[in-house]
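For reference, entry.cif (mmCIF, C-alpha atoms):
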data_coords
#
loop_
_atom_site.group_PDB
_atom_site.id
_atom_site.type_symbol
_atom_site.label_atom_id
_atom_site.label_comp_id
_atom_site.auth_asym_id
_atom_site.auth_seq_id
_atom_site.Cartn_x
_atom_site.Cartn_y
_atom_site.Cartn_z
ATOM 1 C CA MET A 2 1.473 8.137 -26.119
ATOM 2 C CA ILE A 3 -0.818 9.589 -23.445
ATOM 3 C CA LYS A 4 -4.422 9.767 -24.571
ATOM 4 C CA LYS A 5 -7.075 12.151 -23.351
ATOM 5 C CA ARG A 6 -8.881 9.236 -21.699
ATOM 6 C CA ASP A 7 -5.748 8.478 -19.660
ATOM 7 C CA LEU A 8 -5.717 11.983 -18.275
ATOM 8 C CA ILE A 9 -9.419 11.781 -17.417
ATOM 9 C CA LEU A 10 -8.865 8.512 -15.566
ATOM 10 C CA ILE A 11 -5.842 9.835 -13.663
ATOM 11 C CA GLY A 12 -7.710 13.057 -12.885
ATOM 12 C CA GLY A 13 -10.648 11.009 -11.611
ATOM 13 C CA ILE A 14 -8.426 9.025 -9.243
ATOM 14 C CA LEU A 15 -6.841 12.215 -7.902
ATOM 15 C CA LEU A 16 -10.264 13.795 -7.472
ATOM 16 C CA ALA A 17 -11.512 10.744 -5.551
ATOM 17 C CA ALA A 18 -8.458 10.958 -3.289
ATOM 18 C CA LEU A 19 -9.109 14.655 -2.677
ATOM 19 C CA VAL A 20 -12.777 14.050 -1.840
ATOM 20 C CA MET A 21 -11.820 11.288 0.607
ATOM 21 C CA LEU A 22 -9.189 13.498 2.207
ATOM 22 C CA ILE A 23 -11.673 16.347 2.688
ATOM 23 C CA ALA A 24 -14.306 13.958 4.054
ATOM 24 C CA VAL A 25 -11.817 12.585 6.581
ATOM 25 C CA ARG A 26 -10.718 16.044 7.713
ATOM 26 C CA TRP A 27 -14.307 17.287 7.834
ATOM 27 C CA THR A 28 -15.620 14.586 10.128
ATOM 28 C CA ALA A 29 -12.593 14.593 12.455
ATOM 29 C CA GLU A 30 -12.706 16.323 15.819
ATOM 30 C CA ALA A 31 -10.487 16.292 18.894
ATOM 31 C CA GLY A 32 -10.597 12.805 20.382
ATOM 32 C CA ALA A 33 -10.869 11.681 23.988
ATOM 33 C CA SER A 34 -8.710 8.603 24.160
ATOM 34 C CA VAL A 35 -6.527 6.246 22.182
ATOM 35 C CA ILE A 36 -7.181 2.587 21.611
ATOM 36 C CA VAL A 37 -4.253 0.245 21.117
ATOM 37 C CA ARG A 38 -4.819 -2.891 19.100
ATOM 38 C CA VAL A 39 -2.299 -5.687 18.712
ATOM 39 C CA ASP A 40 -3.149 -8.297 16.100
ATOM 40 C CA GLY A 41 -6.710 -7.003 16.071
ATOM 41 C CA GLN A 42 -7.220 -7.346 19.812
ATOM 42 C CA ILE A 43 -7.722 -4.236 21.905
ATOM 43 C CA THR A 44 -4.993 -4.293 24.527
ATOM 44 C CA GLU A 45 -5.275 -0.809 25.984
ATOM 45 C CA GLU A 46 -7.471 2.233 26.052
ATOM 46 C CA ILE A 47 -5.779 5.314 27.436
ATOM 47 C CA SER A 48 -7.274 8.771 27.897
ATOM 48 C CA LEU A 49 -5.531 11.544 25.992
ATOM 49 C CA ASN A 50 -5.567 13.585 29.206
ATOM 50 C CA LYS A 51 -3.320 11.083 30.955
ATOM 51 C CA THR A 52 0.155 12.388 30.303
ATOM 52 C CA GLY A 53 2.641 9.573 30.396
ATOM 53 C CA VAL A 54 4.886 7.051 28.669
ATOM 54 C CA TYR A 55 3.437 3.630 27.982
ATOM 55 C CA SER A 56 5.144 0.449 26.872
ATOM 56 C CA LEU A 57 3.019 -1.368 24.305
ATOM 57 C CA ASN A 58 2.969 -4.979 23.161
ATOM 58 C CA GLY A 59 5.571 -6.110 25.684
ATOM 59 C CA GLY A 60 7.893 -3.233 24.839
ATOM 60 C CA THR A 61 8.050 -3.351 21.033
ATOM 61 C CA ASN A 62 6.579 0.156 20.801
ATOM 62 C CA ILE A 63 6.684 3.078 23.227
ATOM 63 C CA LEU A 64 3.664 5.386 23.349
ATOM 64 C CA HIS A 65 3.814 8.957 24.614
ATOM 65 C CA ILE A 66 0.763 10.977 25.603
ATOM 66 C CA GLU A 67 1.121 14.642 26.361
ATOM 67 C CA GLY A 68 -1.009 17.745 25.866
ATOM 68 C CA GLY A 69 -3.922 15.779 24.397
ATOM 69 C CA GLU A 70 -1.709 14.253 21.698
ATOM 70 C CA ALA A 71 -0.356 10.764 21.290
ATOM 71 C CA TRP A 72 2.699 9.536 19.433
ATOM 72 C CA LEU A 73 5.026 6.565 19.274
ATOM 73 C CA SER A 74 8.573 7.447 20.246
ATOM 74 C CA GLU A 75 10.252 4.094 19.821
ATOM 75 C CA ALA A 76 9.775 0.886 17.903
ATOM 76 C CA ASP A 77 11.849 -2.230 17.479
ATOM 77 C CA CYS A 78 11.152 -2.580 13.766
ATOM 78 C CA PRO A 79 13.764 -1.521 11.181
ATOM 79 C CA ASP A 80 11.761 1.080 9.270
ATOM 80 C CA LYS A 81 10.321 3.025 12.241
ATOM 81 C CA LEU A 82 7.441 4.259 10.099
ATOM 82 C CA CYS A 83 5.179 4.424 13.145
ATOM 83 C CA VAL A 84 7.600 6.780 14.874
ATOM 84 C CA HIS A 85 7.722 9.029 11.815
ATOM 85 C CA GLN A 86 3.940 9.179 11.561
ATOM 86 C CA GLY A 87 4.009 11.904 14.181
ATOM 87 C CA LYS A 88 1.396 13.027 16.650
ATOM 88 C CA ILE A 89 -2.313 12.265 16.481
ATOM 89 C CA HIS A 90 -5.247 13.769 18.336
ATOM 90 C CA ARG A 91 -8.295 13.863 15.985
ATOM 91 C CA THR A 92 -10.865 11.083 16.082
ATOM 92 C CA GLY A 93 -10.119 8.380 13.564
ATOM 93 C CA GLU A 94 -6.471 9.307 13.222
ATOM 94 C CA VAL A 95 -4.246 6.287 13.422
ATOM 95 C CA ILE A 96 -0.631 5.281 13.848
ATOM 96 C CA THR A 97 0.261 1.909 12.420
ATOM 97 C CA CYS A 98 3.145 -0.436 12.988
ATOM 98 C CA LEU A 99 2.550 -3.141 10.403
ATOM 99 C CA PRO A 100 5.548 -5.332 11.376
ATOM 100 C CA ASN A 101 4.172 -5.645 14.940
ATOM 101 C CA LYS A 102 0.541 -5.664 13.729
ATOM 102 C CA LEU A 103 -0.092 -2.811 16.135
ATOM 103 C CA THR A 104 -2.349 0.192 15.653
ATOM 104 C CA VAL A 105 -3.119 3.199 17.826
ATOM 105 C CA THR A 106 -6.388 4.955 16.990
ATOM 106 C CA VAL A 107 -8.011 8.029 18.471
ATOM 107 C CA THR A 108 -11.650 7.714 19.480
ATOM 108 C CA GLY A 109 -14.149 10.257 20.655
ATOM 109 C CA GLY A 110 -15.634 10.306 24.121
ATOM 110 C CA ASP A 111 -19.252 9.650 23.287
ATOM 111 C CA ASP A 112 -19.221 7.463 20.184
ATOM 112 C CA SER A 113 -17.866 4.371 21.876
ATOM 113 C CA VAL A 114 -20.737 2.433 20.271
ATOM 114 C CA ASP A 115 -18.557 1.630 17.278
ATOM 115 C CA LEU A 116 -16.470 -0.743 19.361
ATOM 116 C CA ILE A 117 -18.185 -3.960 18.420
ATOM 117 C CA ILE A 118 -15.833 -6.874 18.772
ATOM 118 C CA MET B 26 4.874 -24.171 -23.937
ATOM 119 C CA LYS B 27 8.062 -23.702 -25.888
ATOM 120 C CA ALA B 28 11.396 -23.795 -24.107
ATOM 121 C CA SER B 29 12.180 -20.298 -25.369
ATOM 122 C CA LYS B 30 9.010 -18.954 -23.798
ATOM 123 C CA ILE B 31 9.659 -20.743 -20.518
ATOM 124 C CA SER B 32 13.143 -19.290 -20.315
ATOM 125 C CA PHE B 33 11.858 -15.841 -21.218
ATOM 126 C CA LEU B 34 9.285 -16.005 -18.425
ATOM 127 C CA ALA B 35 11.925 -17.274 -16.009
ATOM 128 C CA LEU B 36 14.100 -14.323 -16.984
ATOM 129 C CA SER B 37 11.204 -11.951 -16.389
ATOM 130 C CA MET B 38 10.603 -13.547 -13.015
ATOM 131 C CA ALA B 39 14.243 -13.061 -12.080
ATOM 132 C CA LEU B 40 14.046 -9.417 -13.174
ATOM 133 C CA ALA B 41 10.876 -8.884 -11.139
ATOM 134 C CA MET B 42 12.545 -10.394 -8.079
ATOM 135 C CA ILE B 43 15.649 -8.248 -8.494
ATOM 136 C CA LEU B 44 13.478 -5.139 -8.797
ATOM 137 C CA SER B 45 11.615 -6.187 -5.635
ATOM 138 C CA PHE B 46 14.914 -6.563 -3.839
ATOM 139 C CA ILE B 47 16.190 -3.176 -5.038
ATOM 140 C CA GLU B 48 12.925 -1.630 -3.916
ATOM 141 C CA SER B 49 13.199 -3.231 -0.479
ATOM 142 C CA GLN B 50 16.618 -1.553 -0.092
ATOM 143 C CA ILE B 51 15.207 1.930 -0.686
ATOM 144 C CA PRO B 52 14.541 3.457 2.727
ATOM 145 C CA ALA B 53 10.953 4.568 3.345
ATOM 146 C CA PHE B 54 10.760 8.269 2.535
ATOM 147 C CA VAL B 55 7.200 9.016 3.624
ATOM 148 C CA ALA B 56 5.735 8.212 7.022
ATOM 149 C CA VAL B 57 2.769 6.349 5.575
ATOM 150 C CA PRO B 58 3.181 2.588 5.268
ATOM 151 C CA GLY B 59 2.912 1.373 1.701
ATOM 152 C CA VAL B 60 4.283 4.358 -0.212
ATOM 153 C CA LYS B 61 6.690 2.976 -2.799
ATOM 154 C CA VAL B 62 7.484 2.989 -6.485
ATOM 155 C CA GLY B 63 6.422 -0.532 -7.339
ATOM 156 C CA LEU B 64 9.256 -1.158 -9.786
ATOM 157 C CA THR B 65 8.157 -4.763 -10.219
ATOM 158 C CA ASN B 66 5.063 -3.595 -11.988
ATOM 159 C CA ILE B 67 7.282 -2.589 -14.941
ATOM 160 C CA VAL B 68 7.786 -6.291 -15.617
ATOM 161 C CA ILE B 69 4.120 -7.141 -15.064
ATOM 162 C CA VAL B 70 2.903 -4.383 -17.413
ATOM 163 C CA PHE B 71 5.462 -5.475 -19.978
ATOM 164 C CA LEU B 72 4.379 -9.123 -19.819
ATOM 165 C CA LEU B 73 0.724 -8.140 -19.909
ATOM 166 C CA TYR B 74 1.214 -6.327 -23.210
ATOM 167 C CA LYS B 75 3.831 -8.464 -24.905
ATOM 168 C CA VAL B 76 3.179 -12.009 -23.720
ATOM 169 C CA GLY B 77 -0.281 -12.357 -22.235
ATOM 170 C CA ALA B 78 -2.495 -11.939 -19.210
ATOM 171 C CA LYS B 79 -2.126 -15.538 -17.989
ATOM 172 C CA GLU B 80 1.655 -15.370 -18.042
ATOM 173 C CA ALA B 81 1.776 -11.919 -16.427
ATOM 174 C CA GLY B 82 -0.599 -13.063 -13.685
ATOM 175 C CA ALA B 83 1.411 -16.187 -12.976
ATOM 176 C CA VAL B 84 4.687 -14.272 -12.764
ATOM 177 C CA SER B 85 3.049 -11.692 -10.486
ATOM 178 C CA LEU B 86 1.659 -14.276 -8.051
ATOM 179 C CA ILE B 87 4.761 -16.475 -7.909
ATOM 180 C CA ARG B 88 6.932 -13.398 -7.474
ATOM 181 C CA VAL B 89 4.873 -12.213 -4.468
ATOM 182 C CA VAL B 90 5.236 -15.568 -2.742
ATOM 183 C CA LEU B 91 8.957 -15.984 -3.519
ATOM 184 C CA VAL B 92 9.889 -12.430 -2.563
ATOM 185 C CA GLY B 93 7.789 -12.693 0.592
ATOM 186 C CA LEU B 94 9.563 -15.891 1.627
ATOM 187 C CA LEU B 95 13.004 -14.470 0.783
ATOM 188 C CA PHE B 96 12.846 -10.921 2.138
ATOM 189 C CA GLY B 97 9.521 -10.640 3.959
ATOM 190 C CA SER B 98 7.257 -12.565 6.235
ATOM 191 C CA LEU B 99 3.936 -14.376 6.046
ATOM 192 C CA VAL B 100 2.132 -11.153 6.928
ATOM 193 C CA SER B 101 3.928 -9.232 4.209
ATOM 194 C CA ILE B 102 2.902 -11.939 1.715
ATOM 195 C CA LEU B 103 -0.719 -11.369 2.715
ATOM 196 C CA TYR B 104 -0.443 -7.621 2.114
ATOM 197 C CA SER B 105 1.371 -8.038 -1.194
ATOM 198 C CA LEU B 106 -0.986 -10.741 -2.375
ATOM 199 C CA ALA B 107 -4.069 -8.587 -1.797
ATOM 200 C CA GLY B 108 -2.404 -5.717 -3.630
ATOM 201 C CA ALA B 109 -1.087 -7.837 -6.477
ATOM 202 C CA VAL B 110 -4.377 -9.640 -7.155
ATOM 203 C CA LEU B 111 -6.529 -6.501 -7.137
ATOM 204 C CA SER B 112 -3.965 -4.577 -9.155
ATOM 205 C CA PHE B 113 -3.629 -7.319 -11.739
ATOM 206 C CA CYS B 114 -7.384 -7.776 -12.208
ATOM 207 C CA GLY B 115 -7.810 -4.019 -12.634
ATOM 208 C CA MET B 116 -5.028 -3.794 -15.205
ATOM 209 C CA VAL B 117 -6.350 -6.731 -17.228
ATOM 210 C CA LEU B 118 -9.870 -5.278 -17.319
ATOM 211 C CA LEU B 119 -8.641 -1.811 -18.233
ATOM 212 C CA LYS B 120 -6.424 -3.157 -20.982
ATOM 213 C CA LYS B 121 -9.319 -5.206 -22.367
ATOM 214 C CA THR B 122 -11.436 -2.100 -22.905
ATOM 215 C CA GLY B 123 -8.760 -0.855 -25.291
ATOM 216 C CA TRP B 124 -9.507 2.736 -24.362
ATOM 217 C CA PHE B 125 -6.372 3.512 -22.458
ATOM 218 C CA SER B 126 -2.611 3.542 -23.000
ATOM 219 C CA THR B 127 -0.055 1.675 -20.891
ATOM 220 C CA MET B 128 0.256 4.787 -18.723
ATOM 221 C CA ALA B 129 -3.345 4.627 -17.458
ATOM 222 C CA VAL B 130 -3.102 0.858 -17.064
ATOM 223 C CA SER B 131 0.006 1.107 -14.905
ATOM 224 C CA VAL B 132 -1.445 3.995 -12.859
ATOM 225 C CA THR B 133 -4.576 1.940 -12.183
ATOM 226 C CA GLY B 134 -2.401 -1.025 -11.256
ATOM 227 C CA ALA B 135 -0.375 1.035 -8.784
ATOM 228 C CA VAL B 136 -3.432 2.650 -7.180
ATOM 229 C CA LEU B 137 -5.305 -0.646 -6.891
ATOM 230 C CA HIS B 138 -2.217 -2.295 -5.421
ATOM 231 C CA ASN B 139 -2.319 0.261 -2.623
ATOM 232 C CA VAL B 140 -6.092 -0.105 -2.213
ATOM 233 C CA GLY B 141 -5.709 -3.875 -1.884
ATOM 234 C CA GLN B 142 -2.963 -3.517 0.700
ATOM 235 C CA VAL B 143 -4.931 -1.033 2.787
ATOM 236 C CA LEU B 144 -7.996 -3.274 2.749
ATOM 237 C CA MET B 145 -5.880 -6.248 3.778
ATOM 238 C CA ALA B 146 -4.224 -4.175 6.516
ATOM 239 C CA CYS B 147 -7.672 -3.144 7.795
ATOM 240 C CA PHE B 148 -8.599 -6.809 7.848
ATOM 241 C CA VAL B 149 -5.391 -8.040 9.531
ATOM 242 C CA THR B 150 -5.228 -5.323 12.199
ATOM 243 C CA GLU B 151 -9.038 -5.095 12.448
ATOM 244 C CA THR B 152 -8.723 -1.324 12.381
ATOM 245 C CA ALA B 153 -11.084 0.205 9.838
ATOM 246 C CA GLN B 154 -9.507 3.637 10.352
ATOM 247 C CA LEU B 155 -6.567 2.582 8.192
ATOM 248 C CA ILE B 156 -8.817 3.618 5.316
ATOM 249 C CA TYR B 157 -7.691 7.125 6.222
ATOM 250 C CA TYR B 158 -4.331 6.347 4.634
ATOM 251 C CA LEU B 159 -6.030 5.726 1.319
ATOM 252 C CA PRO B 160 -6.035 9.302 -0.085
ATOM 253 C CA VAL B 161 -2.276 9.620 0.412
ATOM 254 C CA LEU B 162 -1.696 6.147 -0.998
ATOM 255 C CA MET B 163 -3.873 6.890 -4.028
ATOM 256 C CA VAL B 164 -1.863 10.012 -4.858
ATOM 257 C CA SER B 165 1.436 8.189 -4.314
ATOM 258 C CA GLY B 166 0.051 5.392 -6.483
ATOM 259 C CA VAL B 167 -0.669 7.814 -9.321
ATOM 260 C CA ILE B 168 2.886 9.183 -9.209
ATOM 261 C CA ALA B 169 4.411 5.706 -8.975
ATOM 262 C CA GLY B 170 2.136 4.495 -11.777
ATOM 263 C CA ILE B 171 3.274 7.277 -14.089
ATOM 264 C CA VAL B 172 6.949 6.455 -13.492
ATOM 265 C CA VAL B 173 6.296 2.744 -14.017
ATOM 266 C CA GLY B 174 4.139 3.506 -17.060
ATOM 267 C CA ILE B 175 6.971 5.405 -18.753
ATOM 268 C CA ALA B 176 9.492 2.657 -18.000
ATOM 269 C CA GLY B 177 7.032 -0.062 -19.022
ATOM 270 C CA ALA B 178 6.236 1.624 -22.348
ATOM 271 C CA LEU B 179 9.965 1.888 -23.125
ATOM 272 C CA MET B 180 10.443 -1.781 -22.333
ATOM 273 C CA ILE B 181 7.444 -2.772 -24.472
ATOM 274 C CA GLN B 182 8.939 -0.798 -27.374
ATOM 275 C CA ARG B 183 12.478 -2.062 -27.099
ATOM 276 C CA VAL B 184 12.544 -5.606 -25.763
ATOM 277 C CA PRO B 185 11.790 -8.075 -28.546
ATOM 278 C CA THR B 186 9.608 -11.060 -27.691
ATOM 279 C CA GLN B 187 9.699 -13.843 -30.225
ATOM 280 C CA PHE B 188 9.319 -17.416 -29.193
#
Structure encoded using structure tokens:
Amino acid sequence: MIKKRDLILIGGILLAALVMLIAVRWTAEAGASVIVRVDGQITEEISLNKTGVYSLNGGTNILHIEGGEAWLSEADCPDKLCVHQGKIHRTGEVITCLPNKLTVTVTGGDDSVDLII
Amino acid sequence: MKASKISFLALSMALAMILSFIESQIPAFVAVPGVKVGLTNIVIVFLLYKVGAKEAGAVSLIRVVLVGLLFGSLVSILYSLAGAVLSFCGMVLLKKTGWFSTMAVSVTGAVLHNVGQVLMACFVTETAQLIYYLPVLMVSGVIAGIVVGIAGALMIQRVPTQF
């Protein structure tokens, strides 16, 4: 039922995933701040050094920042995937809440050039 | 189109919608959005092999819209639509080559479904970093595709289609 070609194809997909994963890890470094986007619009930029609890998007999601890490502790959506995504601190890492169209991404200190809106 | 074929397709549509509903009741078990089994693809793979690409595509599209309206939202329709269209095109092309079995076709469908959804999510949230979810979603897609491939092959073997 399974042909050799199938295995090659599946192996190729897994290999591509592995390469992407390594590339992501390789280029990531400790970030400087987090950017909050709601529906594509940047609503907040908060330094990772600023320990605190922030209410996002009118209270639908609660963001915690402590010890250079950021995480969402509460969300009003049923699945709470964003809460389970854990803590982020490397550049490019992201927490997503698709129901609220909200993302929290880590950016570096010096490469703020990539913020073209 | 014969009445028997219409009713068969309607039955398939109902099955696809029930599978979507069952899937929506399974709690998310991984913290990455989009990781799921994609049970509906069993029906799509089955139709693709036993009835035809046009019919499978139509059922897939109508199912996305109906399920989105019933259990989801407009945004979720957008995500599903991107996934479904990319996935379906990939499966049709792969099947046309004739080089692969249903397993590889369903794996490709599952992986491309996730790729489509991630791209759409990047677009909707305007956050390109969501691409970082892709490796995890590709691996989960391979696993889901294998499960669906096994189930789809069984269905292709056992469910008679004569119109």
> So what does the PyMOL selection byres ((chain B) within 9 of (chain A)) actually pick up in this one, as a PyMOL selection string?
Replying inline: chain B and resi 52-53+55-58+100-101+124-130+132-133+136+146+148-152+154-155+157-164+167+178
> Which value, in Å to one decimal, gives the distance between CA of Lys79 (chain B) and CA of Val140 (chain B)?
Replying inline: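 Pair CA of Lys79 (chain B) / CA of Val140 (chain B) returns 22.4 Å.
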> Interatomic distance between CA of Gly93 (chain B) and CA of Leu179 (chain B)?
Replying inline: 27.9 Å
Please evaluate the PyMOL selection byres ((chain B and resi 135) around 8) against the structure above and give the resulting residues as a PDB file with C-alpha atoms, in the frame of the given file.
ATOM      1  CA  GLY B  63       6.422  -0.532  -7.339  1.00  0.00           C
ATOM      2  CA  ASN B  66       5.063  -3.595 -11.988  1.00  0.00           C
ATOM      3  CA  SER B 112      -3.965  -4.577  -9.155  1.00  0.00           C
ATOM      4  CA  SER B 131       0.006   1.107 -14.905  1.00  0.00           C
ATOM      5  CA  VAL B 132      -1.445   3.995 -12.859  1.00  0.00           C
ATOM      6  CA  THR B 133      -4.576   1.940 -12.183  1.00  0.00           C
ATOM      7  CA  GLY B 134      -2.401  -1.025 -11.256  1.00  0.00           C
ATOM      8  CA  VAL B 136      -3.432   2.650  -7.180  1.00  0.00           C
ATOM      9  CA  LEU B 137      -5.305  -0.646  -6.891  1.00  0.00           C
ATOM     10  CA  HIS B 138      -2.217  -2.295  -5.421  1.00  0.00           C
ATOM     11  CA  ASN B 139      -2.319   0.261  -2.623  1.00  0.00           C
ATOM     12  CA  GLY B 166       0.051   5.392  -6.483  1.00  0.00           C
ATOM     13  CA  VAL B 167      -0.669   7.814  -9.321  1.00  0.00           C
ATOM     14  CA  ALA B 169       4.411   5.706  -8.975  1.00  0.00           C
ATOM     15  CA  GLY B 170       2.136   4.495 -11.777  1.00  0.00           C
TER      16      GLY B 170
END
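One distance worth recording is that between CA of Val90 (chain B) and CA of Phe71 (chain B), which is 20.0 Å.
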>> Applying 12 Å and only C-alpha atoms, which residues near Ile31 (chain B) remain after dropping the ones on its own chain fewer than 2 positions away? List them as JSON, numbers by chain.
In response: {"B": [26, 27, 28, 29, 33, 34, 35, 36, 37, 38, 76, 80, 84, 187, 188]}
>> What's around region 56-64 of chain A at 8 Å? Count all atoms listed in the file, leave out sequence neighbours fewer than 5 positions away in its own chain, and write the answer as a ChimeraX atom specification.
In response: /A:39,71-78,101,103
>> Ranking B:Gly82, B:Gly108, B:Pro185, B:Gly141 by minimum distance to Ile156 (chain B) and counting only C-alpha atoms, which one comes first?
In response: B:Gly141
> Do you know which residues are at most 8 Å from region 47-54 of chain A counting all atoms listed in the file, after dropping those on the same chain fewer than 3 positions away, and could you put them as a list in words?
Replying inline: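 Final neighbour list, sorted by chain and number: Gly32, Ala33, Ser34, Val35, Ile36, Ile63, Leu64, His65, Ile66, Glu67, Gly68, Gly69, Glu70, Ala71 and His90 of chain A.
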Could you turn the residues from that selection into a file that holds C-alpha atoms, as an mmCIF file, in the coordinates of the input?
data_model
loop_
_atom_site.group_PDB
_atom_site.id
_atom_site.type_symbol
_atom_site.label_atom_id
_atom_site.label_comp_id
_atom_site.auth_asym_id
_atom_site.auth_seq_id
_atom_site.Cartn_x
_atom_site.Cartn_y
_atom_site.Cartn_z
ATOM 1 C CA GLY A 32 -10.597 12.805 20.382
ATOM 2 C CA ALA A 33 -10.869 11.681 23.988
ATOM 3 C CA SER A 34 -8.710 8.603 24.160
ATOM 4 C CA VAL A 35 -6.527 6.246 22.182
ATOM 5 C CA ILE A 36 -7.181 2.587 21.611
ATOM 6 C CA ILE A 63 6.684 3.078 23.227
ATOM 7 C CA LEU A 64 3.664 5.386 23.349
ATOM 8 C CA HIS A 65 3.814 8.957 24.614
ATOM 9 C CA ILE A 66 0.763 10.977 25.603
ATOM 10 C CA GLU A 67 1.121 14.642 26.361
ATOM 11 C CA GLY A 68 -1.009 17.745 25.866
ATOM 12 C CA GLY A 69 -3.922 15.779 24.397
ATOM 13 C CA GLU A 70 -1.709 14.253 21.698
ATOM 14 C CA ALA A 71 -0.356 10.764 21.290
ATOM 15 C CA HIS A 90 -5.247 13.769 18.336
#
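Restricting the calculation to only C-alpha atoms, the smallest distance between Ala39 (chain B) and any of B:Leu94, B:Leu111, B:Val62, B:Val68 is found for B:Val68.
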> Exactly which residues make up the result of the PyMOL selection byres ((chain B and resi 96) around 12) on this file, given as a PyMOL selection string?
Replying inline: chain B and resi 42-43+45-50+88-95+97-102
